[in-house]
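Student: Sharing final-v1.txt (compact mmCIF, C-alpha atoms) below.
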# COMPACT_ATOMS: atom_id res chain seq x y z
CA MET J 1 -2.65 37.27 4.66
CA SER J 2 -3.77 35.33 7.75
CA ASN J 3 -3.27 31.61 8.27
CA VAL J 4 -6.20 29.28 8.91
CA LEU J 5 -5.34 25.98 10.58
CA LEU J 6 -8.00 23.43 9.66
CA LEU J 7 -8.05 20.56 12.15
CA ARG J 8 -9.02 17.92 9.60
CA ALA J 9 -7.49 15.92 6.79
CA ALA J 10 -7.76 17.59 3.42
CA SER J 11 -10.16 15.91 1.04
CA GLN J 12 -8.68 13.66 -1.60
CA ASP J 13 -10.70 15.65 -4.10
CA SER J 14 -8.84 18.59 -5.55
CA PRO J 15 -9.28 21.31 -4.56
CA ASP J 16 -10.41 20.67 -0.99
CA ARG J 17 -13.62 22.67 -0.49
CA PHE J 18 -12.58 24.21 2.86
CA GLU J 19 -9.09 25.11 1.69
CA ASP J 20 -10.52 26.53 -1.53
CA ALA J 21 -13.11 28.60 0.34
CA PHE J 22 -10.47 30.28 2.52
CA ARG J 23 -7.89 30.63 -0.24
CA SER J 24 -10.41 32.37 -2.51
CA ARG J 25 -11.02 34.91 0.27
CA GLY J 26 -7.34 35.77 0.70
CA TYR J 27 -6.37 33.43 3.55
CA HIS J 28 -3.66 30.79 3.73
CA PRO J 29 -5.33 27.48 4.73
CA ILE J 30 -3.37 24.63 6.31
CA SER J 31 -5.01 21.23 6.81
CA VAL J 32 -3.51 18.89 9.41
CA PRO J 33 -5.02 15.40 9.95
CA VAL J 34 -6.11 14.85 13.54
CA LEU J 35 -7.49 11.30 13.39
CA GLU J 36 -6.23 7.87 12.49
CA THR J 37 -7.98 4.55 12.14
CA VAL J 38 -6.53 1.43 13.73
CA ILE J 39 -7.47 -2.22 13.27
CA VAL J 40 -8.89 -3.89 16.38
CA GLY J 41 -10.20 -7.34 17.25
CA ARG J 42 -7.76 -9.16 14.98
CA GLU J 43 -7.91 -12.47 16.86
CA GLU J 44 -11.70 -12.57 16.98
CA LEU J 45 -12.03 -11.76 13.28
CA ALA J 46 -9.47 -14.45 12.43
CA ARG J 47 -11.46 -16.91 14.53
CA ARG J 48 -14.63 -16.02 12.62
CA LEU J 49 -12.87 -16.44 9.28
CA SER J 50 -11.43 -19.82 10.26
CA SER J 51 -14.88 -21.04 11.38
CA GLY J 52 -16.42 -20.27 8.00
CA PRO J 53 -19.93 -19.02 7.21
CA GLU J 54 -21.67 -22.41 7.40
CA MET J 55 -20.72 -23.13 11.02
CA GLN J 56 -21.92 -19.63 12.02
CA SER J 57 -25.18 -19.94 10.03
CA LEU J 58 -24.30 -16.82 8.07
CA SER J 59 -26.06 -15.88 4.87
CA GLY J 60 -23.47 -13.26 3.93
CA VAL J 61 -21.20 -10.42 5.04
CA ILE J 62 -21.80 -6.67 5.12
CA ILE J 63 -18.77 -4.42 4.61
CA THR J 64 -19.26 -0.69 5.06
CA SER J 65 -15.75 0.74 4.65
CA GLN J 66 -12.32 0.17 3.17
CA ARG J 67 -10.91 -0.12 6.69
CA ALA J 68 -13.11 -3.17 7.26
CA VAL J 69 -11.66 -4.64 4.06
CA GLU J 70 -8.16 -4.02 5.42
CA ALA J 71 -9.09 -5.79 8.65
CA TRP J 72 -10.41 -8.80 6.70
CA SER J 73 -7.24 -8.85 4.61
CA GLU J 74 -4.99 -8.91 7.69
CA ALA J 75 -6.99 -11.74 9.26
CA ALA J 76 -6.99 -13.78 6.05
CA GLN J 77 -3.25 -13.38 5.56
CA ALA J 78 -2.59 -14.39 9.17
CA LEU J 79 -4.65 -17.56 8.72
CA ILE J 80 -2.93 -18.47 5.48
CA THR J 81 0.46 -18.07 7.13
CA ALA J 82 -0.56 -20.12 10.16
CA ASN J 83 -2.22 -22.91 8.14
CA SER J 84 -0.02 -22.98 5.06
CA ASN J 85 -0.04 -26.79 4.84
CA THR J 86 -3.70 -27.34 5.68
CA PRO J 87 -6.20 -27.46 2.79
CA LEU J 88 -9.33 -25.34 3.23
CA LYS J 89 -12.51 -27.37 3.71
CA PRO J 90 -15.56 -26.39 1.64
CA GLU J 91 -17.61 -25.38 4.68
CA TYR J 92 -14.91 -22.84 5.61
CA ASP J 93 -14.94 -21.24 2.15
CA TRP J 94 -16.27 -17.66 2.14
CA ARG J 95 -16.75 -17.81 -1.63
CA SER J 96 -20.08 -19.49 -0.98
CA VAL J 97 -21.79 -16.39 0.46
CA PRO J 98 -22.35 -12.87 -0.92
CA PHE J 99 -20.47 -9.83 0.37
CA TYR J 100 -22.46 -6.58 0.33
CA ALA J 101 -20.45 -3.35 0.06
CA VAL J 102 -21.27 0.29 0.79
CA GLY J 103 -20.12 2.38 -2.17
CA GLU J 104 -17.90 1.82 -5.16
CA ALA J 105 -14.61 2.31 -3.29
CA THR J 106 -15.42 -0.47 -0.80
CA SER J 107 -16.61 -2.74 -3.61
CA VAL J 108 -13.37 -2.21 -5.54
CA ALA J 109 -11.31 -2.87 -2.40
CA LEU J 110 -13.12 -6.20 -1.93
CA ARG J 111 -12.48 -7.19 -5.55
CA ASN J 112 -8.80 -6.33 -5.21
CA LEU J 113 -8.69 -8.39 -2.02
CA SER J 114 -10.16 -11.45 -3.72
CA GLU J 115 -7.58 -11.19 -6.49
CA LYS J 116 -4.59 -10.86 -4.16
CA ILE J 117 -5.49 -13.45 -1.51
CA PRO J 118 -6.69 -16.88 -2.68
CA LEU J 119 -8.31 -18.09 0.55
CA TYR J 120 -10.86 -16.77 3.05
CA THR J 121 -11.87 -14.01 0.62
CA PRO J 122 -15.07 -13.24 -1.31
CA ARG J 123 -15.94 -14.01 -4.90
CA ASP J 124 -19.58 -12.88 -4.86
CA ILE J 125 -19.41 -9.11 -4.29
CA ARG J 126 -22.61 -7.13 -4.56
CA GLY J 127 -23.37 -3.44 -4.42
CA GLY J 128 -21.17 -0.54 -5.39
CA SER J 129 -22.05 2.84 -6.83
CA GLU J 130 -25.77 2.14 -6.38
CA THR J 131 -25.27 1.41 -2.66
CA GLY J 132 -23.31 4.47 -1.61
CA THR J 133 -25.13 4.99 1.68
CA ALA J 134 -26.21 2.70 4.52
CA GLU J 135 -29.87 3.31 3.67
CA ARG J 136 -29.37 2.39 0.03
CA LEU J 137 -27.37 -0.71 0.91
CA ALA J 138 -30.06 -1.88 3.33
CA GLY J 139 -32.73 -1.48 0.66
CA PHE J 140 -30.51 -3.27 -1.86
CA ILE J 141 -29.97 -6.23 0.46
CA LEU J 142 -33.69 -6.61 1.15
CA LYS J 143 -34.44 -6.65 -2.59
CA ASP J 144 -31.47 -8.79 -3.55
CA PHE J 145 -31.50 -11.52 -0.92
CA PRO J 146 -34.35 -14.06 -1.03
CA SER J 147 -36.92 -13.41 1.69
CA ASP J 148 -37.89 -17.09 1.80
CA GLU J 149 -34.50 -18.14 3.16
CA LYS J 150 -34.84 -19.95 6.49
CA SER J 151 -31.93 -18.02 7.98
CA ARG J 152 -31.05 -14.47 7.07
CA LYS J 153 -28.11 -13.57 9.26
CA PHE J 154 -25.17 -11.46 8.18
CA LEU J 155 -21.76 -10.84 9.67
CA TYR J 156 -21.64 -7.05 9.98
CA LEU J 157 -18.16 -5.51 10.26
CA THR J 158 -18.20 -2.13 11.99
CA GLY J 159 -16.05 0.62 13.44
CA ASP J 160 -16.45 2.35 16.79
CA LYS J 161 -18.70 5.09 15.42
CA ASN J 162 -21.71 3.77 13.54
CA ARG J 163 -25.17 5.11 12.89
CA ASP J 164 -28.08 2.76 13.42
CA THR J 165 -29.58 3.31 9.95
CA LEU J 166 -28.57 0.01 8.37
CA PRO J 167 -29.22 -2.23 11.42
CA ARG J 168 -32.58 -0.57 12.05
CA ILE J 169 -33.82 -1.10 8.48
CA LEU J 170 -32.59 -4.67 8.18
CA GLU J 171 -33.66 -5.87 11.62
CA SER J 172 -37.13 -4.37 11.17
CA ALA J 173 -37.42 -6.54 8.06
CA GLY J 174 -36.44 -9.69 9.96
CA VAL J 175 -32.76 -9.77 8.98
CA ALA J 176 -30.41 -10.63 11.86
CA LEU J 177 -27.00 -9.01 12.15
CA ASP J 178 -23.92 -10.37 13.90
CA PRO J 179 -21.91 -7.15 14.49
CA LEU J 180 -18.16 -7.28 14.98
CA GLN J 181 -16.03 -4.18 15.52
CA VAL J 182 -12.84 -4.42 13.47
CA TYR J 183 -11.53 -0.83 13.46
CA ALA J 184 -11.57 2.25 15.66
CA THR J 185 -10.90 5.94 15.18
CA GLN J 186 -8.56 7.75 17.55
CA GLY J 187 -6.37 10.82 17.78
CA SER J 188 -3.55 10.66 15.28
CA SER J 189 -0.23 9.60 16.77
CA MET J 190 1.39 11.71 14.04
CA PHE J 191 -0.50 14.91 14.86
CA PRO J 192 2.29 16.54 16.94
CA HIS J 193 4.81 15.86 14.17
CA ASP J 194 2.46 16.85 11.34
CA LEU J 195 1.50 20.06 13.13
CA SER J 196 5.11 21.06 13.77
CA LEU J 197 5.99 20.35 10.14
CA ALA J 198 3.05 22.39 8.86
CA LEU J 199 3.89 25.33 11.11
CA GLU J 200 7.54 25.23 10.11
CA CYS J 201 6.50 25.58 6.46
CA VAL J 202 4.73 28.87 7.19
CA LYS J 203 7.16 30.18 9.79
CA GLY J 204 7.76 33.86 9.25
CA LYS J 205 5.07 34.06 6.59
CA PHE J 206 1.58 35.50 6.47
CA THR J 207 1.79 37.26 9.84
CA THR J 208 -0.06 40.50 10.42
CA GLU J 209 1.37 43.83 11.56
CA GLU J 210 1.15 42.80 15.20
CA GLY J 211 3.83 40.20 14.51
CA LEU J 212 2.46 37.60 16.89
CA SER J 213 -1.04 37.42 15.40
CA TRP J 214 -0.91 34.19 13.44
CA GLY J 215 -4.52 33.74 12.30
CA TRP J 216 -7.28 31.19 12.99
CA ILE J 217 -7.72 27.67 14.27
CA VAL J 218 -10.86 25.83 13.14
CA TYR J 219 -12.28 22.97 15.19
CA PHE J 220 -14.51 20.49 13.37
CA ALA J 221 -15.63 18.04 16.07
CA PRO J 222 -15.81 17.76 19.86
CA SER J 223 -14.36 14.24 19.66
CA VAL J 224 -10.94 15.55 18.61
CA ALA J 225 -10.94 18.87 20.45
CA GLU J 226 -9.85 17.44 23.78
CA PHE J 227 -7.03 15.49 22.11
CA VAL J 228 -5.54 18.30 20.01
CA THR J 229 -5.90 21.25 22.38
CA PRO J 230 -3.00 20.41 24.76
CA ILE J 231 -0.76 19.93 21.71
CA LEU J 232 -1.90 23.21 20.19
CA ARG J 233 -0.98 25.00 23.44
CA ASN J 234 2.67 24.12 22.75
CA HIS J 235 2.53 26.45 19.75
CA PHE J 236 -0.25 28.96 20.33
CA ILE J 237 -1.87 31.17 22.92
CA LEU J 238 -5.44 29.90 22.82
CA PRO J 239 -8.02 32.49 23.88
CA ALA J 240 -9.78 31.44 27.06
CA VAL J 241 -13.16 32.47 28.40
CA ASN J 242 -12.88 35.40 30.85
CA SER J 243 -9.16 36.00 30.33
CA SER J 244 -6.97 38.62 28.73
CA THR J 245 -5.36 36.82 25.81
CA GLU J 246 -3.72 40.07 24.66
CA TYR J 247 -1.79 40.27 27.92
CA CYS J 248 -0.76 36.61 27.69
CA ALA J 249 0.41 37.08 24.12
CA GLN J 250 2.68 39.93 25.15
CA LEU J 251 4.44 37.64 27.61
CA SER J 252 4.99 34.78 25.21
CA GLU J 253 6.72 34.09 21.95
CA GLN J 254 3.84 31.84 20.99
CA HIS J 255 1.33 33.10 18.46
CA HIS J 256 -2.02 34.54 19.40
CA VAL J 257 -4.90 33.00 17.43
CA LYS J 258 -8.66 33.21 17.10
CA ILE J 259 -10.87 30.14 17.25
CA ALA J 260 -13.70 29.12 14.93
CA ALA J 261 -16.11 26.18 15.24
CA ILE J 262 -17.89 24.31 12.46
CA GLY J 263 -21.16 24.21 14.38
CA PRO J 264 -22.97 24.81 17.69
CA THR J 265 -22.20 21.38 19.15
CA THR J 266 -18.48 21.90 18.70
CA GLU J 267 -18.74 25.49 19.95
CA SER J 268 -20.56 24.38 23.10
CA PHE J 269 -17.89 21.78 23.88
CA LEU J 270 -15.07 24.27 23.35
CA ARG J 271 -16.71 26.87 25.60
CA GLN J 272 -18.14 24.72 28.36
CA THR J 273 -15.61 21.88 28.60
CA LEU J 274 -12.34 23.36 27.37
CA LYS J 275 -13.16 26.93 28.42
CA LEU J 276 -12.00 28.33 25.09
CA LEU J 277 -13.29 31.60 23.67
CA VAL J 278 -14.90 30.91 20.28
CA ALA J 279 -14.90 33.95 18.03
CA VAL J 280 -16.88 32.48 15.16
CA THR J 281 -19.34 29.62 14.62
CA ALA J 282 -20.47 28.70 11.11
CA ARG J 283 -24.18 29.21 10.48
CA ASN J 284 -24.18 25.93 8.56
CA PRO J 285 -21.44 23.27 8.47
CA LYS J 286 -20.39 24.28 4.97
CA ALA J 287 -17.09 25.61 3.71
CA ASP J 288 -18.44 28.90 2.34
CA ASP J 289 -20.49 29.63 5.47
CA LEU J 290 -17.47 29.03 7.68
CA ALA J 291 -15.15 31.16 5.56
CA ASP J 292 -17.72 33.97 5.30
CA ALA J 293 -18.11 34.03 9.08
CA VAL J 294 -14.35 34.38 9.53
CA VAL J 295 -14.17 37.19 6.96
CA GLN J 296 -17.06 39.05 8.61
CA HIS J 297 -15.32 38.84 11.99
CA ASP J 298 -12.01 40.09 10.61
CA ASP J 299 -13.73 42.95 8.73
CA ALA J 300 -15.72 44.08 11.75
Written as structure tokens, that's how I'd like the structure from this file.
Tutor:
Amino acid sequence: MSNVLLLRAASQDSPDRFEDAFRSRGYHPISVPVLETVIVGREELARRLSSGPEMQSLSGVIITSQRAVEAWSEAAQALITANSNTPLKPEYDWRSVPFYAVGEATSVALRNLSEKIPLYTPRDIRGGSETGTAERLAGFILKDFPSDEKSRKFLYLTGDKNRDTLPRILESAGVALDPLQVYATQGSSMFPHDLSLALECVKGKFTTEEGLSWGWIVYFAPSVAEFVTPILRNHFILPAVNSSTEYCAQLSEQHHVKIAAIGPTTESFLRQTLKLLVAVTARNPKADDLADAVVQHDDA
């Protein structure tokens, strides 16, 4: 049984579709998270909260993720601590404007926030299961919010990677957005530790007759490939373009692996930028297509 290292966090759903696809085909899948999300712009968000919606001419707030809710929570708690003896003026009260949420999970997080923190938090929370995508939320806002309002401007909390779907739809309908980045995605600071722990759990298991042939590593995005590859080299012999990986493997106690990519964009980055030899690329970015491609390569 060969190992398959999946460079992604396993889905919270059980079973994870990628792990299940490989496990059902006789492989031993191992998912290791490669990304983490960090809160940014704390001071600016706190300043916005302390100013209140009225002073900023805001009609409401758009929240597209639970991480944005966490950022709001941190800012609100910091303000409460700093101004514990100062009563909140009505014009600074965010309960006067609606908060629009993408998806049920974000909506629930906002409701929990309003129950836990008494100040600077929403009471009018709109959207949920019926607004699970940016496109649906944009359509919901346009139908829900009065078009005859003199000012339709929303504080729009974002991350560092956002599609333009929601801004494009709203702005084309005359709705102004005041975007503020409050979180960012980066390489996980725990990846070296998590990888070592995962490899230790399978040490001495699932190796093939060659002894050093460990299995597969699957890359899912160019954005993390450059971050994880130097760390992976501490444990594996990664096949390089125009090199004899078999010879390298004989000279090292590290394991020889094969590399798979979830799609052509990732494959191109691995080949052209990192100079890695990609054995398999999934025809479609789906779990079964990826697993089938790996099986076909191993059976060839």
Student: What does the distance from atom CA of Ala176 of chain J to atom CA of Thr64 of chain J come to in Å, to one decimal?
Tutor: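 Taking atom CA of Ala176 of chain J as the start and atom CA of Thr64 of chain J as the end point, the length is 16.4 Å.
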Student: Which residues come within 9 Å of Arg67 of chain J, counting all atoms listed in the file, excluding same-chain residues fewer than 5 positions away, as a ChimeraX atom specification?
Tutor: /J:37-39,72,106,159,182-183
Student: Name the residues in contact with Leu232 of chain J at a cut-off of 9 Å, using all atoms listed in the file, excluding same-chain residues fewer than 5 positions from it; report them as a ChimeraX atom specification.
Tutor: /J:192,195,237-238
Student: Considering all atoms listed in the file, state which residue in the set J:Gly127, J:Gly139, J:Pro53, J:Pro230 is at the smallest distance from Arg168 of chain J.
Tutor: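 Among J:Gly127, J:Gly139, J:Pro53, J:Pro230, it is J:Gly139 that comes nearest to Arg168 of chain J.
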Student: Here is a test: counting all atoms listed in the file, which residue of J:Asn234, J:Tyr219, J:Thr229, J:Gly187 is nearest to Pro285 of chain J?
Tutor: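 For Pro285 of chain J, the nearest of the candidates is J:Tyr219.
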Student: Rank nothing, just name the residue among J:Gln181, J:Ser11, J:Thr133, J:Gln56 nearest to Gly41 of chain J, using all atoms listed in the file.
Tutor: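 Among the listed residues, J:Gln181 lies closest to Gly41 of chain J.
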Student: Could you state the separation of atom CA of Asp144 of chain J and atom CA of Ser129 of chain J in Å, given to one decimal place?
Tutor: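 Calculated distance between atom CA of Asp144 of chain J and atom CA of Ser129 of chain J is 15.3 Å.
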Student: Write out as a compact mmCIF listing (two decimals) with C-alpha atoms, keeping the file's coordinate frame each polymer residue whose atoms come within 12 Å of Glu130 of chain J, counting only C-alpha atoms; drop sequence neighbours fewer than 2 positions from it.
Tutor:
# COMPACT_ATOMS: atom_id res chain seq x y z
CA TYR J 100 -22.46 -6.58 0.33
CA ALA J 101 -20.45 -3.35 0.06
CA VAL J 102 -21.27 0.29 0.79
CA GLY J 103 -20.12 2.38 -2.17
CA GLU J 104 -17.90 1.82 -5.16
CA ALA J 105 -14.61 2.31 -3.29
CA SER J 107 -16.61 -2.74 -3.61
CA ARG J 126 -22.61 -7.13 -4.56
CA GLY J 127 -23.37 -3.44 -4.42
CA GLY J 128 -21.17 -0.54 -5.39
CA GLY J 132 -23.31 4.47 -1.61
CA THR J 133 -25.13 4.99 1.68
CA ALA J 134 -26.21 2.70 4.52
CA GLU J 135 -29.87 3.31 3.67
CA ARG J 136 -29.37 2.39 0.03
CA LEU J 137 -27.37 -0.71 0.91
CA ALA J 138 -30.06 -1.88 3.33
CA GLY J 139 -32.73 -1.48 0.66
CA PHE J 140 -30.51 -3.27 -1.86
CA ILE J 141 -29.97 -6.23 0.46
Student: Box for segment 16-29 of chain J: with edges along x, y and z, all listed atoms inside and 8 Å added on each side, what are the centre and edge lengths in Å to one decimal, as JSON?
Tutor:
{"center_x": -8.6, "center_y": 28.2, "center_z": 1.1, "size_x": 26.0, "size_y": 31.1, "size_z": 23.2}
Student: At what distance in Å, to one decimal, does atom CA of Glu74 of chain J lie from atom CA of Val97 of chain J?
Tutor: 19.8 Å
Student: Which is closest to Val228 of chain J among J:Val34, J:Leu274, J:Ile62, J:Leu157, if we use all atoms listed in the file?
Tutor: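 Going through J:Val34, J:Leu274, J:Ile62, J:Leu157 one by one, the smallest distance to Val228 of chain J is for J:Val34.
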Student: Can you tell me, as number ranges by chain, which residues sit within 10 Å of (-18.2, 28.3, 16.0) in the file's frame, using only C-alpha atoms?
Tutor: J: 218-220, 259-268, 270-271, 277-285, 290, 293-294
Student: Which residue out of J:Val175, J:Leu113, J:Leu166, J:Ala82 has the minimum interatomic distance to Arg152 of chain J when only C-alpha atoms are used?
Tutor: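 Residue with the minimum atom-to-atom distance to Arg152 of chain J: J:Val175.
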